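Comments concern the structure below.
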Amino acid sequence: MPRNLDLTALRSFAMVAETGGVTRAAGFLNLTQSAVSMQLKRLEEALDLQLLDRSARSISLTAAGEQLLGYAKRMLELNDEAWGRLTAQEFEGELVLGVPSDIVYPNIPPILRRLACDFPRMKIRLTTGPTLKLKEMFGRGECDAILTTEDQAGPGGEELVRLPLVWIGAAGGDAWREIPLPVAFCSNCIFRSGVLRRLDAAGHAWDMSVESDLDSAVEAVVSADLAITACIDGFLPRQTTPVEHQGALPDLGETRIVLYMERSDDPVKEALRDVIRSTFRGAGQAPGRERLTA
């Protein structure tokens with residue numbers, strides 16, 4: 001059965017090794033000399049090893065003591081890091097992150113987990129909505145940071161990655177072959193007007209299959225093979241797949257994922273900025289997916 005080393009005794013042992021004596025160690029630890037000596041004795045008895053060589057005028061470590069000291073330092077450092085992180089009062093409060101719903105998965109959950117792990121006393125609140133709404137909220141100070149999907153980064157925005165827009169439909173579906181082309185977009189989708197302009201410019205007849213401001217309604221229609229839509233490559237809804245149309249549909253170009261966040265000396269906010277950057281700048285490496293082909 002595993003047994004536990006006494007961290008208090010290990011701290012006394014490490015301090016004795018550092019200062020070279022029980023008396024000096026006791027002063028640094030704010031303990032009596034007898035208390036430190038008792039902890040050392042219990043530690044040696046628990047391990048059934050002699051850790052200190054007391055034969056000379058000054059205390060030195062035995063071979064076993066030298067070995068234990070390395071473990072003791074690592075254990076105490078980890079203990080102190082955990083204690084400091086979990087009890088730190090300066091990292092309390094709330095951060096609000098705004099993200100368009102179509103790029104929440106797969107990247108936002110690991111970002112939230114990372115922040116919650118590193119700053120457990122901080123409350124990270126996620127709000128979703130279309131890009132235009134999020135920018136309005138950010139302008140009113142209702143979000144600490146927002147991510148957007150745009151053709152170009154606006155003033156104060158930091159472009160994280162450029163990704164292609166792709167046509168998507170139901171796995172194994174044929175809706176993309178129909179004329180007029182059945183398409184589905186939320187009324188507030190930032191891609192909607194640009195995609196429809198490209199269809200018009202290509203002389204490709206289309207018909208809007210759903211009128212809704214809910215992403216779930218669009219996903220339901222597309223996954224039922226009643227229409228197709230456009231999304232950022234690598235951020236496909238479930239039960240959909242890119243349409244490999246071999247030029248039958250117009251190319252949709254690319255979009256940018258942009259971060260809006262004020263500069264701050266707050267370490268939590270800067271940690272949020274760093275983890276968002278590292279996560280989304282790797283988004284261009286999304287794995288390949290099954291495609292609908294002609």
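Chain identifiers are assigned as A, B, and so on, following the order in which chains appear in the structure tokens; residues are numbered from 1 within each chain, and ligands are numbered from 1 in order of appearance.
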
**Request:** Write out as JSON, numbers by chain all residues of segment 10-204 of chain A that backbone DSSP assigns to strand (DSSP E or B).
**Result:** {"A": [52, 53, 60, 61, 93, 94, 95, 96, 97, 98, 99, 122, 123, 124, 125, 126, 127, 128, 145, 146, 147, 148, 149, 150, 157, 158, 159, 160, 161, 162, 163, 164, 165, 166, 167, 168, 169, 170, 181, 182, 183, 184, 185, 186]}

**Asked** Which is closer to Thr149 of chain A than all the others in A:Phe28, A:Trp206, A:Trp176, A:Phe191, using only C-alpha atoms?
**Response** A:Phe191

**Asked** For the atom pair atom CA of Lys133 of chain A and atom CA of Gly154 of chain A, what is the interatomic distance in Å to one decimal place?
**Response**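 Distance reported for this atom pair: 14.2 Å.
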
Report as CSV the residues of segment 164-205 of chain A within 12 Å of segment 235-249 of chain A, each with its shortest atom pair and distance in Å (one decimal), using only C-alpha atoms, ordered by chain and increasing residue number.
```
residue,atom,partner,partner_atom,distance
A:Pro164,CA,A:Phe235,CA,10.7
A:Leu165,CA,A:Pro242,CA,9.8
A:Val166,CA,A:Pro242,CA,6.4
A:Trp167,CA,A:Val243,CA,5.5
A:Ile168,CA,A:Pro242,CA,4.2
A:Gly169,CA,A:Thr240,CA,5.3
A:Ala170,CA,A:Thr240,CA,4.6
A:Ala171,CA,A:Thr240,CA,5.4
A:Gly172,CA,A:Thr241,CA,8.6
A:Gly173,CA,A:Thr240,CA,9.2
A:Asp174,CA,A:Val243,CA,9.6
A:Ala175,CA,A:Val243,CA,10.1
A:Trp176,CA,A:Val243,CA,7.6
A:Arg177,CA,A:Ala248,CA,8.6
A:Glu178,CA,A:Ala248,CA,11.0
A:Ile179,CA,A:Ala248,CA,11.3
A:Pro180,CA,A:Leu249,CA,11.8
A:Leu181,CA,A:Leu249,CA,9.4
A:Val183,CA,A:Leu249,CA,11.9
A:Val195,CA,A:Leu249,CA,10.6
A:Leu196,CA,A:Leu249,CA,11.5
A:Arg198,CA,A:Leu249,CA,9.3
A:Leu199,CA,A:Leu249,CA,7.7
A:Asp200,CA,A:Leu249,CA,11.1
A:Ala201,CA,A:Leu249,CA,11.2
A:Ala202,CA,A:Leu249,CA,8.3
A:Gly203,CA,A:Leu249,CA,10.2
A:His204,CA,A:Leu249,CA,7.9
A:Ala205,CA,A:Leu249,CA,10.7
```

Output N, CA and C atoms of each residue in that selection to a file, as a PDB file, in the first residue's frame.
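So result-v4.pdb came out as:
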```pdb
ATOM      1  N   PRO A 164     -10.328  29.391 -45.878  1.00  0.00           N
ATOM      2  CA  PRO A 164     -11.278  29.414 -46.998  1.00  0.00           C
ATOM      3  C   PRO A 164     -12.704  29.164 -46.537  1.00  0.00           C
ATOM      4  N   LEU A 165     -13.636  29.778 -47.253  1.00  0.00           N
ATOM      5  CA  LEU A 165     -15.045  29.433 -47.106  1.00  0.00           C
ATOM      6  C   LEU A 165     -15.352  28.292 -48.068  1.00  0.00           C
ATOM      7  N   VAL A 166     -16.169  27.367 -47.639  1.00  0.00           N
ATOM      8  CA  VAL A 166     -16.509  26.221 -48.485  1.00  0.00           C
ATOM      9  C   VAL A 166     -18.018  26.004 -48.487  1.00  0.00           C
ATOM     10  N   TRP A 167     -18.497  25.449 -49.581  1.00  0.00           N
ATOM     11  CA  TRP A 167     -19.880  24.993 -49.638  1.00  0.00           C
ATOM     12  C   TRP A 167     -19.990  23.695 -48.841  1.00  0.00           C
ATOM     13  N   ILE A 168     -21.050  23.558 -48.064  1.00  0.00           N
ATOM     14  CA  ILE A 168     -21.261  22.324 -47.311  1.00  0.00           C
ATOM     15  C   ILE A 168     -22.696  21.841 -47.498  1.00  0.00           C
ATOM     16  N   GLY A 169     -22.851  20.534 -47.410  1.00  0.00           N
ATOM     17  CA  GLY A 169     -24.172  19.924 -47.527  1.00  0.00           C
ATOM     18  C   GLY A 169     -24.244  18.675 -46.677  1.00  0.00           C
ATOM     19  N   ALA A 170     -25.345  17.973 -46.777  1.00  0.00           N
ATOM     20  CA  ALA A 170     -25.518  16.731 -46.026  1.00  0.00           C
ATOM     21  C   ALA A 170     -24.574  15.670 -46.573  1.00  0.00           C
ATOM     22  N   ALA A 171     -24.049  14.843 -45.675  1.00  0.00           N
ATOM     23  CA  ALA A 171     -23.190  13.749 -46.113  1.00  0.00           C
ATOM     24  C   ALA A 171     -23.970  12.845 -47.071  1.00  0.00           C
ATOM     25  N   GLY A 172     -23.439  12.637 -48.257  1.00  0.00           N
ATOM     26  CA  GLY A 172     -24.114  11.810 -49.249  1.00  0.00           C
ATOM     27  C   GLY A 172     -25.276  12.492 -49.938  1.00  0.00           C
ATOM     28  N   GLY A 173     -25.442  13.807 -49.747  1.00  0.00           N
ATOM     29  CA  GLY A 173     -26.597  14.519 -50.288  1.00  0.00           C
ATOM     30  C   GLY A 173     -26.435  14.983 -51.716  1.00  0.00           C
ATOM     31  N   ASP A 174     -27.574  15.397 -52.317  1.00  0.00           N
ATOM     32  CA  ASP A 174     -27.606  15.852 -53.713  1.00  0.00           C
ATOM     33  C   ASP A 174     -28.189  17.248 -53.866  1.00  0.00           C
ATOM     34  N   ALA A 175     -28.468  17.942 -52.779  1.00  0.00           N
ATOM     35  CA  ALA A 175     -29.115  19.243 -52.882  1.00  0.00           C
ATOM     36  C   ALA A 175     -28.292  20.220 -53.717  1.00  0.00           C
ATOM     37  N   TRP A 176     -26.966  20.088 -53.680  1.00  0.00           N
ATOM     38  CA  TRP A 176     -26.108  21.026 -54.410  1.00  0.00           C
ATOM     39  C   TRP A 176     -26.249  20.910 -55.929  1.00  0.00           C
ATOM     40  N   ARG A 177     -26.834  19.812 -56.412  1.00  0.00           N
ATOM     41  CA  ARG A 177     -27.015  19.593 -57.843  1.00  0.00           C
ATOM     42  C   ARG A 177     -28.266  20.285 -58.390  1.00  0.00           C
ATOM     43  N   GLU A 178     -29.184  20.703 -57.509  1.00  0.00           N
ATOM     44  CA  GLU A 178     -30.482  21.209 -57.950  1.00  0.00           C
ATOM     45  C   GLU A 178     -30.387  22.613 -58.546  1.00  0.00           C
ATOM     46  N   ILE A 179     -31.302  22.915 -59.439  1.00  0.00           N
ATOM     47  CA  ILE A 179     -31.429  24.247 -60.027  1.00  0.00           C
ATOM     48  C   ILE A 179     -32.896  24.662 -59.928  1.00  0.00           C
ATOM     49  N   PRO A 180     -33.229  25.810 -59.356  1.00  0.00           N
ATOM     50  CA  PRO A 180     -32.298  26.724 -58.693  1.00  0.00           C
ATOM     51  C   PRO A 180     -31.672  26.088 -57.449  1.00  0.00           C
ATOM     52  N   LEU A 181     -30.501  26.578 -57.089  1.00  0.00           N
ATOM     53  CA  LEU A 181     -29.752  26.021 -55.974  1.00  0.00           C
ATOM     54  C   LEU A 181     -30.432  26.367 -54.652  1.00  0.00           C
ATOM     55  N   VAL A 183     -30.395  27.245 -50.997  1.00  0.00           N
ATOM     56  CA  VAL A 183     -29.388  27.692 -50.035  1.00  0.00           C
ATOM     57  C   VAL A 183     -30.073  28.049 -48.724  1.00  0.00           C
ATOM     58  N   VAL A 195     -21.948  35.599 -50.334  1.00  0.00           N
ATOM     59  CA  VAL A 195     -22.178  34.352 -51.065  1.00  0.00           C
ATOM     60  C   VAL A 195     -23.253  34.551 -52.131  1.00  0.00           C
ATOM     61  N   LEU A 196     -24.327  35.237 -51.787  1.00  0.00           N
ATOM     62  CA  LEU A 196     -25.399  35.452 -52.762  1.00  0.00           C
ATOM     63  C   LEU A 196     -24.921  36.325 -53.916  1.00  0.00           C
ATOM     64  N   ARG A 198     -21.914  36.342 -55.130  1.00  0.00           N
ATOM     65  CA  ARG A 198     -21.092  35.475 -55.980  1.00  0.00           C
ATOM     66  C   ARG A 198     -21.974  34.579 -56.856  1.00  0.00           C
ATOM     67  N   LEU A 199     -23.076  34.088 -56.288  1.00  0.00           N
ATOM     68  CA  LEU A 199     -23.998  33.287 -57.094  1.00  0.00           C
ATOM     69  C   LEU A 199     -24.607  34.124 -58.215  1.00  0.00           C
ATOM     70  N   ASP A 200     -25.019  35.356 -57.883  1.00  0.00           N
ATOM     71  CA  ASP A 200     -25.612  36.233 -58.897  1.00  0.00           C
ATOM     72  C   ASP A 200     -24.591  36.564 -59.987  1.00  0.00           C
ATOM     73  N   ALA A 201     -23.350  36.841 -59.567  1.00  0.00           N
ATOM     74  CA  ALA A 201     -22.316  37.188 -60.546  1.00  0.00           C
ATOM     75  C   ALA A 201     -22.014  36.026 -61.480  1.00  0.00           C
ATOM     76  N   ALA A 202     -22.173  34.805 -60.965  1.00  0.00           N
ATOM     77  CA  ALA A 202     -21.929  33.618 -61.789  1.00  0.00           C
ATOM     78  C   ALA A 202     -23.150  33.227 -62.602  1.00  0.00           C
ATOM     79  N   GLY A 203     -24.270  33.963 -62.443  1.00  0.00           N
ATOM     80  CA  GLY A 203     -25.492  33.635 -63.166  1.00  0.00           C
ATOM     81  C   GLY A 203     -26.116  32.341 -62.685  1.00  0.00           C
ATOM     82  N   HIS A 204     -25.891  32.003 -61.433  1.00  0.00           N
ATOM     83  CA  HIS A 204     -26.393  30.746 -60.884  1.00  0.00           C
ATOM     84  C   HIS A 204     -27.676  31.024 -60.094  1.00  0.00           C
ATOM     85  N   ALA A 205     -28.794  30.511 -60.588  1.00  0.00           N
ATOM     86  CA  ALA A 205     -30.075  30.731 -59.906  1.00  0.00           C
ATOM     87  C   ALA A 205     -30.072  30.070 -58.533  1.00  0.00           C
TER      88      ALA A 205
END
```

**Message:** I'd like the neighbourhood of Val99 of chain A as a ChimeraX atom specification, where a residue qualifies if any of its atoms comes within 10 Å (using only C-alpha atoms), though same-chain residues fewer than 4 positions away should be ignored.
**Reply:** /A:103-104,108,126-131,134,145-149,259

Produce a file of the selected residues containing N, CA and C atoms, as a CSV table (one decimal), in the first residue's frame.
```csv
chain,number,residue,atom,x,y,z
A,103,ILE,N,-17.9,29.2,-34.9
A,103,ILE,CA,-16.5,28.9,-34.6
A,103,ILE,C,-16.2,28.5,-33.1
A,104,VAL,N,-17.3,28.2,-32.4
A,104,VAL,CA,-17.1,27.8,-31.0
A,104,VAL,C,-16.4,26.5,-31.0
A,108,ILE,N,-12.9,26.6,-28.9
A,108,ILE,CA,-13.2,27.4,-27.7
A,108,ILE,C,-13.2,26.5,-26.4
A,126,LEU,N,-18.9,32.9,-21.5
A,126,LEU,CA,-18.9,32.9,-22.9
A,126,LEU,C,-20.2,33.4,-23.4
A,127,THR,N,-20.2,34.3,-24.4
A,127,THR,CA,-21.4,34.8,-25.1
A,127,THR,C,-21.2,34.6,-26.6
A,128,THR,N,-22.3,34.1,-27.2
A,128,THR,CA,-22.2,33.9,-28.7
A,128,THR,C,-23.2,34.8,-29.4
A,129,GLY,N,-22.9,35.0,-30.6
A,129,GLY,CA,-23.8,35.9,-31.5
A,129,GLY,C,-23.1,36.2,-32.8
A,130,PRO,N,-23.8,36.8,-33.7
A,130,PRO,CA,-23.2,37.2,-35.0
A,130,PRO,C,-22.1,38.2,-34.8
A,131,THR,N,-21.2,38.3,-35.7
A,131,THR,CA,-20.0,39.2,-35.6
A,131,THR,C,-20.5,40.7,-35.4
A,134,LEU,N,-21.5,41.2,-31.8
A,134,LEU,CA,-20.4,41.1,-30.9
A,134,LEU,C,-19.6,42.3,-30.9
A,145,ALA,N,-13.1,40.5,-24.6
A,145,ALA,CA,-12.5,40.1,-25.9
A,145,ALA,C,-13.6,39.5,-26.7
A,146,ILE,N,-13.4,39.7,-28.1
A,146,ILE,CA,-14.3,39.0,-29.0
A,146,ILE,C,-13.5,38.4,-30.1
A,147,LEU,N,-14.0,37.4,-30.7
A,147,LEU,CA,-13.5,36.8,-32.0
A,147,LEU,C,-14.6,37.1,-33.0
A,148,THR,N,-14.2,37.5,-34.2
A,148,THR,CA,-15.1,37.7,-35.3
A,148,THR,C,-14.7,37.0,-36.6
A,149,THR,N,-15.6,36.8,-37.5
A,149,THR,CA,-15.3,36.3,-38.8
A,149,THR,C,-15.6,37.5,-39.8
A,259,LEU,N,-9.3,38.9,-33.7
A,259,LEU,CA,-9.4,39.1,-32.3
A,259,LEU,C,-9.4,40.6,-32.0
```
